[in-house]
$ cat input09.tsv   # TSV, C-alpha atoms
chain	number	residue	atom	x	y	z
I	19	MET	CA	0.00	0.00	0.00
I	20	LYS	CA	1.53	3.26	-1.12
I	21	ASN	CA	-0.51	5.91	0.67
I	22	GLY	CA	0.87	9.45	0.90
I	23	LEU	CA	-1.20	10.30	3.99
I	24	LEU	CA	0.12	7.28	5.84
I	25	ARG	CA	3.72	8.15	5.04
I	26	ALA	CA	3.21	11.76	6.10
I	27	LEU	CA	1.76	10.63	9.41
I	28	GLY	CA	4.68	8.25	9.87
I	29	ALA	CA	7.07	11.17	10.24
I	30	ALA	CA	5.34	12.12	13.50
I	31	SER	CA	6.05	8.74	15.09
I	32	THR	CA	9.65	9.70	15.82
I	33	LEU	CA	8.38	12.27	18.34
I	34	ALA	CA	6.58	9.78	20.55
I	35	ALA	CA	9.57	8.41	22.43
I	36	SER	CA	10.59	11.82	23.77
I	37	ALA	CA	7.32	12.78	25.47
I	38	THR	CA	5.81	9.57	26.82
I	39	ALA	CA	4.06	9.84	30.17
I	40	ALA	CA	2.93	6.92	32.34
I	41	ARG	CA	-0.47	5.35	32.96
I	42	ILE	CA	-2.01	4.27	36.26
I	43	CYS	CA	-2.22	0.48	36.02
I	44	GLY	CA	-3.82	-0.50	39.36
I	45	ALA	CA	-2.80	-3.14	41.86
I	46	ASN	CA	-3.82	-6.01	39.57
I	47	MET	CA	-2.66	-4.31	36.35
I	48	ASN	CA	-6.18	-4.64	34.94
I	49	ASN	CA	-7.41	-1.05	34.84
I	50	THR	CA	-9.91	0.00	32.18
I	51	TYR	CA	-8.93	2.86	29.85
I	52	GLN	CA	-11.32	4.98	27.83
I	53	TRP	CA	-10.71	6.39	24.36
I	54	THR	CA	-12.86	8.80	22.38
I	55	LEU	CA	-13.26	8.96	18.61
I	56	GLY	CA	-13.06	12.56	17.47
I	57	ASP	CA	-13.66	11.63	13.84
I	58	ALA	CA	-14.06	8.59	11.65
I	59	ARG	CA	-14.34	8.07	7.92
I	60	TYR	CA	-14.62	5.15	5.52
I	61	ASP	CA	-14.36	5.37	1.73
I	62	ASP	CA	-14.35	2.55	-0.77
I	63	GLN	CA	-13.98	2.28	-4.50
I	64	VAL	CA	-15.93	-0.48	-6.21
I	65	ASN	CA	-13.43	-3.26	-6.99
I	66	GLY	CA	-10.71	-0.97	-5.67
I	67	THR	CA	-9.28	0.20	-2.36
I	68	ALA	CA	-11.11	0.86	0.90
I	69	THR	CA	-9.64	3.41	3.31
I	70	VAL	CA	-10.50	3.85	6.99
I	71	ALA	CA	-9.30	6.81	9.05
I	72	PHE	CA	-9.85	7.63	12.74
I	73	SER	CA	-8.80	10.38	15.13
I	74	ILE	CA	-8.73	8.99	18.66
I	75	MET	CA	-8.10	10.66	22.01
I	76	PRO	CA	-7.27	9.04	25.36
I	77	GLY	CA	-9.91	9.78	27.97
I	78	ASP	CA	-13.56	10.81	27.80
I	79	GLY	CA	-13.05	13.44	25.12
I	80	THR	CA	-13.00	16.48	27.38
I	81	GLY	CA	-10.01	18.74	27.09
I	82	TYR	CA	-8.64	17.05	23.95
I	83	ALA	CA	-5.07	17.18	25.27
I	84	THR	CA	-3.64	14.93	22.57
I	85	PHE	CA	-4.78	12.62	19.79
I	86	TYR	CA	-3.65	9.87	17.43
I	87	GLU	CA	-4.32	9.40	13.72
I	88	CYS	CA	-5.13	5.84	12.63
I	89	VAL	CA	-5.28	5.11	8.88
I	90	SER	CA	-5.36	1.87	6.89
I	91	ALA	CA	-6.26	0.86	3.36
I	92	TRP	CA	-6.95	-2.58	1.92
I	93	PRO	CA	-8.59	-4.08	-1.18
I	94	GLU	CA	-12.30	-3.36	-0.73
I	95	PRO	CA	-13.49	-7.02	-0.80
I	96	TRP	CA	-11.26	-7.84	2.21
I	97	GLN	CA	-13.37	-5.65	4.57
I	98	GLY	CA	-10.42	-5.48	6.99
I	99	TRP	CA	-9.63	-9.20	6.87
I	100	TYR	CA	-6.62	-10.83	5.24
I	101	ASP	CA	-7.39	-14.06	3.35
I	102	GLY	CA	-11.07	-13.12	3.41
I	103	LYS	CA	-11.91	-14.59	6.81
I	104	VAL	CA	-14.78	-13.12	8.80
I	105	SER	CA	-15.22	-13.26	12.57
I	106	ALA	CA	-16.49	-11.31	15.55
I	107	GLY	CA	-12.98	-10.12	16.42
I	108	PRO	CA	-10.14	-10.76	18.86
I	109	ALA	CA	-10.77	-13.38	21.53
I	110	PRO	CA	-8.32	-15.65	23.36
I	111	ALA	CA	-7.90	-19.28	22.34
I	112	THR	CA	-10.08	-18.90	19.24
I	113	ASP	CA	-9.47	-19.13	15.50
I	114	ILE	CA	-10.54	-15.58	14.70
I	115	GLY	CA	-9.44	-15.13	11.10
I	116	ASN	CA	-6.79	-12.71	9.95
I	117	LEU	CA	-7.81	-9.27	11.17
I	118	ILE	CA	-5.47	-6.60	9.77
I	119	TRP	CA	-3.85	-4.22	12.25
I	120	GLY	CA	-2.54	-0.73	11.48
I	121	ASP	CA	-0.45	1.83	13.31
I	122	CYS	CA	-1.87	4.85	15.14
I	123	ILE	CA	0.47	7.84	14.95
I	124	TRP	CA	0.72	10.27	17.84
I	125	SER	CA	0.05	13.88	16.81
I	126	GLY	CA	3.01	15.19	18.79
I	127	ASN	CA	1.03	17.57	21.04
I	128	GLY	CA	0.18	17.07	24.70
I	129	PRO	CA	1.16	14.13	26.93
I	130	ASN	CA	1.57	10.75	25.25
I	131	TYR	CA	0.59	7.98	27.67
I	132	ASP	CA	1.39	5.04	25.39
I	133	THR	CA	4.53	3.66	23.80
I	134	THR	CA	2.61	2.17	20.85
I	135	VAL	CA	-1.03	2.27	19.71
I	136	ALA	CA	-2.63	0.13	17.01
I	137	PHE	CA	-6.10	-0.47	15.59
I	138	ALA	CA	-8.01	-2.84	13.34
I	139	MET	CA	-11.37	-2.46	11.62
I	140	ASP	CA	-13.79	-5.34	11.14
I	141	TRP	CA	-15.83	-3.57	8.49
I	142	SER	CA	-18.49	-6.24	8.06
I	143	ASN	CA	-19.45	-5.77	11.73
I	144	ARG	CA	-18.61	-2.02	11.88
I	145	THR	CA	-16.35	-2.81	14.83
I	146	MET	CA	-13.11	-1.02	15.71
I	147	HIS	CA	-10.46	-2.87	17.75
I	148	LEU	CA	-7.80	-0.99	19.70
I	149	ALA	CA	-4.56	-2.07	21.40
I	150	HIS	CA	-1.95	-0.02	23.23
I	151	ALA	CA	1.18	-0.59	25.30
I	152	TYR	CA	2.35	1.66	28.11
I	153	VAL	CA	4.59	2.15	31.15
I	154	CYS	CA	2.95	1.88	34.59
I	155	GLY	CA	3.47	4.99	36.72
I	156	ASP	CA	2.21	3.31	39.89
I	157	GLN	CA	4.07	0.01	39.44
I	158	GLU	CA	7.76	0.80	39.17
I	159	GLY	CA	9.48	-1.18	36.44
I	160	SER	CA	6.20	-2.58	35.09
I	161	GLU	CA	4.56	-2.23	31.70
I	162	GLY	CA	1.09	-3.10	30.45
I	163	VAL	CA	-0.83	-3.86	27.28
I	164	ALA	CA	-4.57	-3.23	26.86
I	165	ILE	CA	-7.09	-4.50	24.32
I	166	GLY	CA	-10.65	-3.42	23.56
I	167	HIS	CA	-13.24	-2.98	20.84
I	168	ALA	CA	-16.48	-1.13	20.14
I	169	ALA	CA	-19.19	-1.11	17.49
I	170	LEU	CA	-19.38	2.23	15.66
I	171	ASP	CA	-22.51	4.22	14.88
I	172	LEU	CA	-21.86	5.30	11.29
I	173	ALA	CA	-23.92	7.15	8.71
I	174	CYS	CA	-23.24	5.73	5.24
I	175	GLU	CA	-24.12	6.68	1.68
I	176	THR	CA	-23.69	4.83	-1.60
I	177	ASP	CA	-23.14	6.73	-4.83
I	178	GLU	CA	-24.48	5.89	-8.28
I	179	GLU	CA	-21.48	3.68	-9.03
I	180	GLY	CA	-21.94	1.64	-5.86
I	181	ALA	CA	-19.05	3.12	-3.85
I	182	GLU	CA	-19.77	3.56	-0.15
I	183	SER	CA	-18.65	6.35	2.17
I	184	CYS	CA	-19.32	6.64	5.90
I	185	ILE	CA	-18.76	9.10	8.74
I	186	LEU	CA	-19.66	9.11	12.43
I	187	ASN	CA	-23.39	9.56	12.88
I	188	THR	CA	-23.77	13.22	13.82
I	189	GLU	CA	-27.37	12.62	14.93
I	190	SER	CA	-26.20	10.35	17.73
I	191	THR	CA	-26.20	12.10	21.12
I	192	ALA	CA	-23.42	9.90	22.54
I	193	LYS	CA	-19.77	10.25	21.65
I	194	ALA	CA	-18.06	7.20	20.20
I	195	HIS	CA	-15.97	5.55	22.90
I	196	VAL	CA	-13.71	2.52	23.00
I	197	SER	CA	-12.78	0.94	26.35
I	198	THR	CA	-9.67	-1.19	26.70
I	199	VAL	CA	-8.77	-3.52	29.58
I	200	GLY	CA	-5.16	-3.72	30.71
I	201	SER	CA	-3.00	-6.69	31.61
I	202	PRO	CA	0.68	-7.08	32.59
I	203	ALA	CA	3.24	-7.04	29.80
I	204	HIS	CA	6.51	-9.00	29.62
I	205	VAL	CA	5.43	-11.65	32.12
I	206	ALA	CA	7.75	-14.66	32.29
I	207	SER	CA	6.19	-18.12	32.37
I	208	ALA	CA	7.48	-21.32	33.91
I	209	PRO	CA	8.45	-23.96	31.30
I	210	ASP	CA	5.59	-26.25	32.29
I	211	THR	CA	2.95	-23.49	31.95
I	212	ALA	CA	4.33	-21.39	29.07
I	213	CYS	CA	2.14	-22.91	26.38
I	214	ALA	CA	-0.99	-22.77	28.53
I	215	ASP	CA	-0.21	-19.15	29.45
I	216	ALA	CA	0.19	-18.23	25.77
I	217	ASP	CA	-3.03	-20.03	24.93
I	218	ALA	CA	-4.94	-18.11	27.60
I	219	ARG	CA	-3.87	-14.62	26.50
I	220	TYR	CA	-4.51	-12.53	23.43
I	221	GLN	CA	-1.11	-12.15	21.78
I	222	VAL	CA	0.39	-8.84	20.70
I	223	TRP	CA	3.83	-8.11	19.22
I	224	GLN	CA	5.97	-5.04	18.78
I	225	VAL	CA	8.18	-4.59	15.72
I	226	ASP	CA	11.30	-2.48	16.36
I	227	ALA	CA	14.41	-1.44	14.43
I	228	TRP	CA	12.76	-2.10	11.06
I	229	THR	CA	15.13	-1.61	8.12
I	230	ARG	CA	14.83	-2.37	4.41
I	231	GLN	CA	16.83	-1.29	1.36
I	232	TYR	CA	15.70	-1.53	-2.23
I	233	ALA	CA	16.78	-0.11	-5.57
I	234	LEU	CA	14.11	1.70	-7.61
I	235	ALA	CA	15.10	3.95	-10.48
I	236	PRO	CA	13.01	7.13	-10.91
I	237	GLY	CA	9.96	6.25	-12.97
I	238	ALA	CA	10.31	2.51	-12.40
I	239	THR	CA	7.54	0.51	-10.72
I	240	THR	CA	9.47	-2.63	-9.76
I	241	PRO	CA	12.62	-2.67	-7.59
I	242	SER	CA	15.72	-4.02	-9.30
I	243	ALA	CA	17.10	-5.19	-5.94
I	244	ASP	CA	15.56	-5.63	-2.50
I	245	SER	CA	17.20	-6.57	0.81
I	246	GLY	CA	13.86	-7.41	2.40
I	247	PRO	CA	13.04	-6.31	5.95
I	248	SER	CA	15.09	-6.97	9.06
I	249	PHE	CA	13.66	-6.18	12.49
I	250	THR	CA	13.41	-7.05	16.17
I	251	LEU	CA	10.19	-8.81	17.20
I	252	SER	CA	9.05	-8.70	20.85
I	253	ASN	CA	6.12	-10.60	22.29
I	254	LEU	CA	4.39	-8.10	24.61
I	255	PRO	CA	2.40	-10.42	26.93
I	256	GLY	CA	5.48	-12.66	27.30
I	257	THR	CA	9.21	-12.15	27.35
I	258	GLN	CA	10.22	-13.65	23.99
I	259	VAL	CA	12.41	-11.54	21.71
I	260	PHE	CA	13.43	-12.51	18.15
I	261	GLN	CA	15.77	-11.13	15.50
I	262	CYS	CA	14.12	-11.47	12.08
I	263	ALA	CA	15.84	-11.39	8.68
I	264	PRO	CA	15.04	-12.62	5.16
I	265	GLY	CA	16.06	-16.09	4.09
I	266	ALA	CA	18.34	-16.94	1.18
I	267	ASP	CA	15.45	-17.89	-1.10
I	268	SER	CA	13.36	-14.72	-0.89
I	269	PRO	CA	13.73	-11.18	0.49
I	270	SER	CA	10.05	-11.24	1.44
I	271	SER	CA	10.08	-14.09	3.97
I	272	GLY	CA	12.35	-15.47	6.62
I	273	GLN	CA	12.87	-16.98	10.04
I	274	CYS	CA	13.21	-15.14	13.33
I	275	GLU	CA	16.01	-16.22	15.66
I	276	TYR	CA	14.93	-16.54	19.29
I	277	GLN	CA	17.15	-14.57	21.66
I	278	GLY	CA	16.48	-16.68	24.76
I	279	ASP	CA	16.65	-20.21	26.09
I	280	ASP	CA	12.97	-21.05	26.71
I	281	GLU	CA	12.53	-24.51	25.18
I	282	THR	CA	8.78	-24.01	24.84
I	283	VAL	CA	9.39	-21.40	22.13
I	284	ALA	CA	9.74	-23.42	18.96
I	285	ALA	CA	10.02	-20.78	16.25
I	286	ALA	CA	8.87	-17.52	14.69
I	287	SER	CA	8.72	-16.55	11.03
I	288	PHE	CA	7.45	-13.77	8.78
I	289	GLU	CA	6.17	-12.96	5.30
I	290	PHE	CA	6.17	-9.43	3.85
I	291	ASP	CA	4.17	-8.13	0.88
I	292	PRO	CA	6.11	-5.05	-0.36
I	293	ASP	CA	3.26	-3.92	-2.62
I	294	LEU	CA	0.80	-3.68	0.28
I	295	ASP	CA	3.39	-3.05	3.05
I	296	LEU	CA	1.71	-5.98	4.81
I	297	LEU	CA	3.60	-8.06	7.39
I	298	LYS	CA	2.43	-11.51	8.48
I	299	LEU	CA	4.03	-12.96	11.64
I	300	THR	CA	3.74	-16.42	13.16
I	301	GLN	CA	5.07	-17.48	16.57
I	302	THR	CA	4.98	-21.15	17.58
I	303	TRP	CA	4.98	-22.63	21.09
I	304	ASN	CA	5.99	-26.22	21.79
I	305	CYS	CA	3.12	-27.48	23.93
I	306	GLY	CA	4.61	-30.66	25.24
I	307	CYS	CA	6.26	-34.05	24.97
I	308	ALA	CA	8.35	-33.21	21.92
I	309	GLU	CA	11.44	-34.68	23.60
I	310	SER	CA	9.72	-37.75	25.03
I	311	PRO	CA	10.26	-41.04	23.14
I	312	GLU	CA	6.82	-42.18	24.32
I	313	CYS	CA	5.12	-39.15	22.82
I	314	LYS	CA	3.13	-40.13	19.74
I	315	ALA	CA	1.68	-36.73	18.86
I	316	PRO	CA	3.55	-33.67	20.16
I	317	SER	CA	1.39	-30.57	20.00
I	318	TYR	CA	2.12	-26.99	19.00
I	319	LEU	CA	0.35	-23.65	19.22
I	320	ASP	CA	0.71	-21.36	16.19
I	321	VAL	CA	-0.37	-17.73	16.59
I	322	THR	CA	-0.38	-15.40	13.60
I	323	ALA	CA	-0.51	-11.61	13.38
I	324	VAL	CA	-1.11	-9.45	10.30
I	325	GLY	CA	-0.44	-5.72	10.09
I	326	PHE	CA	0.76	-2.85	7.97
I	327	VAL	CA	4.29	-1.53	8.42
I	328	GLN	CA	4.56	1.99	7.02
I	329	ALA	CA	8.24	2.90	6.85
I	330	THR	CA	9.76	6.24	5.94
I	331	CYS	CA	12.25	5.93	3.08
I	332	ASN	CA	15.19	8.19	2.19
I	333	ARG	CA	16.49	8.12	-1.37
I	334	ALA	CA	20.19	8.13	-2.28
I	335	GLY	CA	20.40	7.77	-6.05
I	336	ASP	CA	18.41	4.69	-7.00
I	337	MET	CA	18.65	3.23	-3.50
I	338	LEU	CA	15.93	3.76	-0.90
I	339	ASN	CA	16.74	3.20	2.77
I	340	CYS	CA	13.59	2.58	4.84
I	341	ALA	CA	13.09	2.57	8.60
I	342	THR	CA	10.31	3.06	11.13
I	343	GLY	CA	9.78	3.37	14.85
I	344	PRO	CA	7.98	0.77	16.96
I	345	VAL	CA	4.84	-0.75	15.42
I	346	MET	CA	2.33	-2.88	17.35
I	347	ILE	CA	0.54	-5.78	15.64
I	348	GLY	CA	-2.22	-7.77	17.33
I	349	GLU	CA	-3.14	-11.39	16.97
I	350	ALA	CA	-4.98	-12.38	13.79
I	351	SER	CA	-5.52	-16.12	14.15
I	352	ARG	CA	-4.34	-19.19	16.04
I	353	GLN	CA	-4.42	-22.94	15.68
I	354	LYS	CA	-3.34	-25.99	17.67
I	355	ARG	CA	-1.76	-28.85	15.76
I	356	THR	CA	-0.05	-32.16	16.33
I	357	ILE	CA	2.67	-33.82	14.29

$ encode --input "input09.tsv" --output "structure tokens"
Amino acid sequence: MKNGLLRALGAASTLAASATAARICGANMNNTYQWTLGDARYDDQVNGTATVAFSIMPGDGTGYATFYECVSAWPEPWQGWYDGKVSAGPAPATDIGNLIWGDCIWSGNGPNYDTTVAFAMDWSNRTMHLAHAYVCGDQEGSEGVAIGHAALDLACETDEEGAESCILNTESTAKAHVSTVGSPAHVASAPDTACADADARYQVWQVDAWTRQYALAPGATTPSADSGPSFTLSNLPGTQVFQCAPGADSPSSGQCEYQGDDETVAAASFEFDPDLDLLKLTQTWNCGCAESPECKAPSYLDVTAVGFVQATCNRAGDMLNCATGPVMIGEASRQKRTI
């Protein structure tokens, strides 16, 4: 996806790290946080691209101290779902289809309470999903991650060609709010409970230190060379960290090398679509008896995430060097399997 608005917003993301405040997490790290939608818009083109855009503010909407811009675009028939799957949305331990996540960019004004914010739009159900990570001001050394969703009250029109456009319903007396519920981030699990812990929690990842180089002559549409993306991948509910790089066969896919010694973490891998800027991640947990000679059917948990990565690229001749700040991507689907 080559969207000028998205790339312009991406420039603001570099400001976030310098002005991040802390959230109150509560004794059990499960506080509820409210967000307010200041604006929302959806536009599609028949057999073309659908674009969703939101302005969101932390809190109840009074004061408007700061806000984030959330924008994504996908082929209209997808309706916010990769591979065409439809579901009610994120839920633990459920095959929920491949919901596409996108980055929310901080505006740069006022206090920023979150280190990363991301959203997804289930268009068929008019439901917005929101995730954010943050530092806990009342729990020294602790961090949290919160997830929530809300159905949107939208007013829509269809033109003569069948293209649909929607905005927030101005006749509604209530403001559009999304509530998220927090939970501890970076919680270590014992080896005998790691798989069960992963299965019980909605999984979220953070992509850091993203770099990619490709050669594209002015006027050309296809790169003549492409390094593929390299990045650090961190599991936010857990403690797993991976270094990801393309494989020898393709710059658009590769394995992620685990940076720890937890034997329950079997693998992580990625696929990247450079035309859509779409990243697909899969982390696998070893759920037991893989090392036992008596084990006839070792089991594994595969959890997949799908999201857009909008990097800012600097040109030097024909070479473009691309990088971006931290990007959060929420779980898209999961499955248990035996081999």

$ closest_atom_pairs --input "input09.tsv" --of "region 186-224 of chain I" --to "region 133-136 of chain I" --cutoff "12 Å" --atoms "all atoms listed in the file" --output "JSON lines"
{"residue": "I:Thr198", "atom": "CA", "partner": "I:Val135", "partner_atom": "CA", "distance": 11.6}
{"residue": "I:Val222", "atom": "CA", "partner": "I:Ala136", "partner_atom": "CA", "distance": 10.2}
{"residue": "I:Trp223", "atom": "CA", "partner": "I:Thr134", "partner_atom": "CA", "distance": 10.5}
{"residue": "I:Gln224", "atom": "CA", "partner": "I:Thr134", "partner_atom": "CA", "distance": 8.2}

$ residues_around --input "input09.tsv" --residues "Asn332 (chain I)" --least-positions-apart "2" --cutoff "12 Å" --atoms "all atoms listed in the file" --output "PDB file with C-alpha atoms, in the coordinates of the input"
ATOM      1  CA  ARG I  25       3.720   8.150   5.040  1.00  0.00           C
ATOM      2  CA  ALA I  29       7.070  11.170  10.240  1.00  0.00           C
ATOM      3  CA  THR I 229      15.130  -1.610   8.120  1.00  0.00           C
ATOM      4  CA  ARG I 230      14.830  -2.370   4.410  1.00  0.00           C
ATOM      5  CA  GLN I 231      16.830  -1.290   1.360  1.00  0.00           C
ATOM      6  CA  TYR I 232      15.700  -1.530  -2.230  1.00  0.00           C
ATOM      7  CA  ALA I 233      16.780  -0.110  -5.570  1.00  0.00           C
ATOM      8  CA  LEU I 234      14.110   1.700  -7.610  1.00  0.00           C
ATOM      9  CA  ALA I 329       8.240   2.900   6.850  1.00  0.00           C
ATOM     10  CA  THR I 330       9.760   6.240   5.940  1.00  0.00           C
ATOM     11  CA  ALA I 334      20.190   8.130  -2.280  1.00  0.00           C
ATOM     12  CA  GLY I 335      20.400   7.770  -6.050  1.00  0.00           C
ATOM     13  CA  ASP I 336      18.410   4.690  -7.000  1.00  0.00           C
ATOM     14  CA  MET I 337      18.650   3.230  -3.500  1.00  0.00           C
ATOM     15  CA  LEU I 338      15.930   3.760  -0.900  1.00  0.00           C
ATOM     16  CA  ASN I 339      16.740   3.200   2.770  1.00  0.00           C
ATOM     17  CA  CYS I 340      13.590   2.580   4.840  1.00  0.00           C
ATOM     18  CA  ALA I 341      13.090   2.570   8.600  1.00  0.00           C
ATOM     19  CA  THR I 342      10.310   3.060  11.130  1.00  0.00           C
TER      20      THR I 342
END

$ atom_distance --input "input09.tsv" --atom1 "CA of Ala214 (chain I)" --atom2 "CA of Asp101 (chain I)"
27.4 Å

$ residues_around --input "input09.tsv" --residues "Tyr131 (chain I)" --least-positions-apart "5" --cutoff "7 Å" --atoms "all atoms listed in the file" --output "list in words"
Thr38, Ala39, Ala40, Arg41 and Tyr152 of chain I

$ closest_residue --input "input09.tsv" --among "I:Trp124, I:Trp53, I:Phe326, I:Phe288" --to "Ala149 (chain I)" --atoms "only C-alpha atoms"
I:Trp53

$ atom_distance --input "input09.tsv" --atom1 "CA of Cys184 (chain I)" --atom2 "CA of His150 (chain I)"
25.4 Å

$ atom_distance --input "input09.tsv" --atom1 "CA of Arg144 (chain I)" --atom2 "CA of Ser183 (chain I)"
12.8 Å

$ closest_residue --input "input09.tsv" --among "I:Pro236, I:Pro76, I:Gly66, I:Pro241" --to "Pro95 (chain I)" --atoms "all atoms listed in the file"
I:Gly66

$ closest_residue --input "input09.tsv" --among "I:Ser201, I:Ser351, I:Thr54, I:Thr239" --to "Asp78 (chain I)" --atoms "only C-alpha atoms"
I:Thr54

$ residues_around --input "input09.tsv" --residues "Met346 (chain I)" --least-positions-apart "4" --cutoff "12 Å" --atoms "only C-alpha atoms" --output "PyMOL selection string"
chain I and resi 118-123+132-138+148-152+163-165+221-226+250-254+297+299+323-328+342

$ residues_around --input "input09.tsv" --residues "Gln301 (chain I)" --least-positions-apart "2" --cutoff "10 Å" --atoms "all atoms listed in the file" --output "PyMOL selection string"
chain I and resi 221+223+253+258+260+274+283-288+299+303+319-323+352

$ closest_residue --input "input09.tsv" --among "I:His147, I:Leu172, I:Gly126, I:Phe85" --to "Gly98 (chain I)" --atoms "only C-alpha atoms"
I:His147

$ closest_residue --input "input09.tsv" --among "I:Leu296, I:Ala58, I:Ala227, I:Ala235" --to "Ser271 (chain I)" --atoms "all atoms listed in the file"
I:Leu296

$ closest_residue --input "input09.tsv" --among "I:Asp215, I:Asp57, I:Glu275, I:Asp267" --to "Tyr86 (chain I)" --atoms "only C-alpha atoms"
I:Asp57

$ residues_around --input "input09.tsv" --residues "Cys307 (chain I)" --least-positions-apart "5" --cutoff "12 Å" --atoms "all atoms listed in the file" --output "number ranges by chain"
I: 210, 213, 281-282, 312-318, 356-357
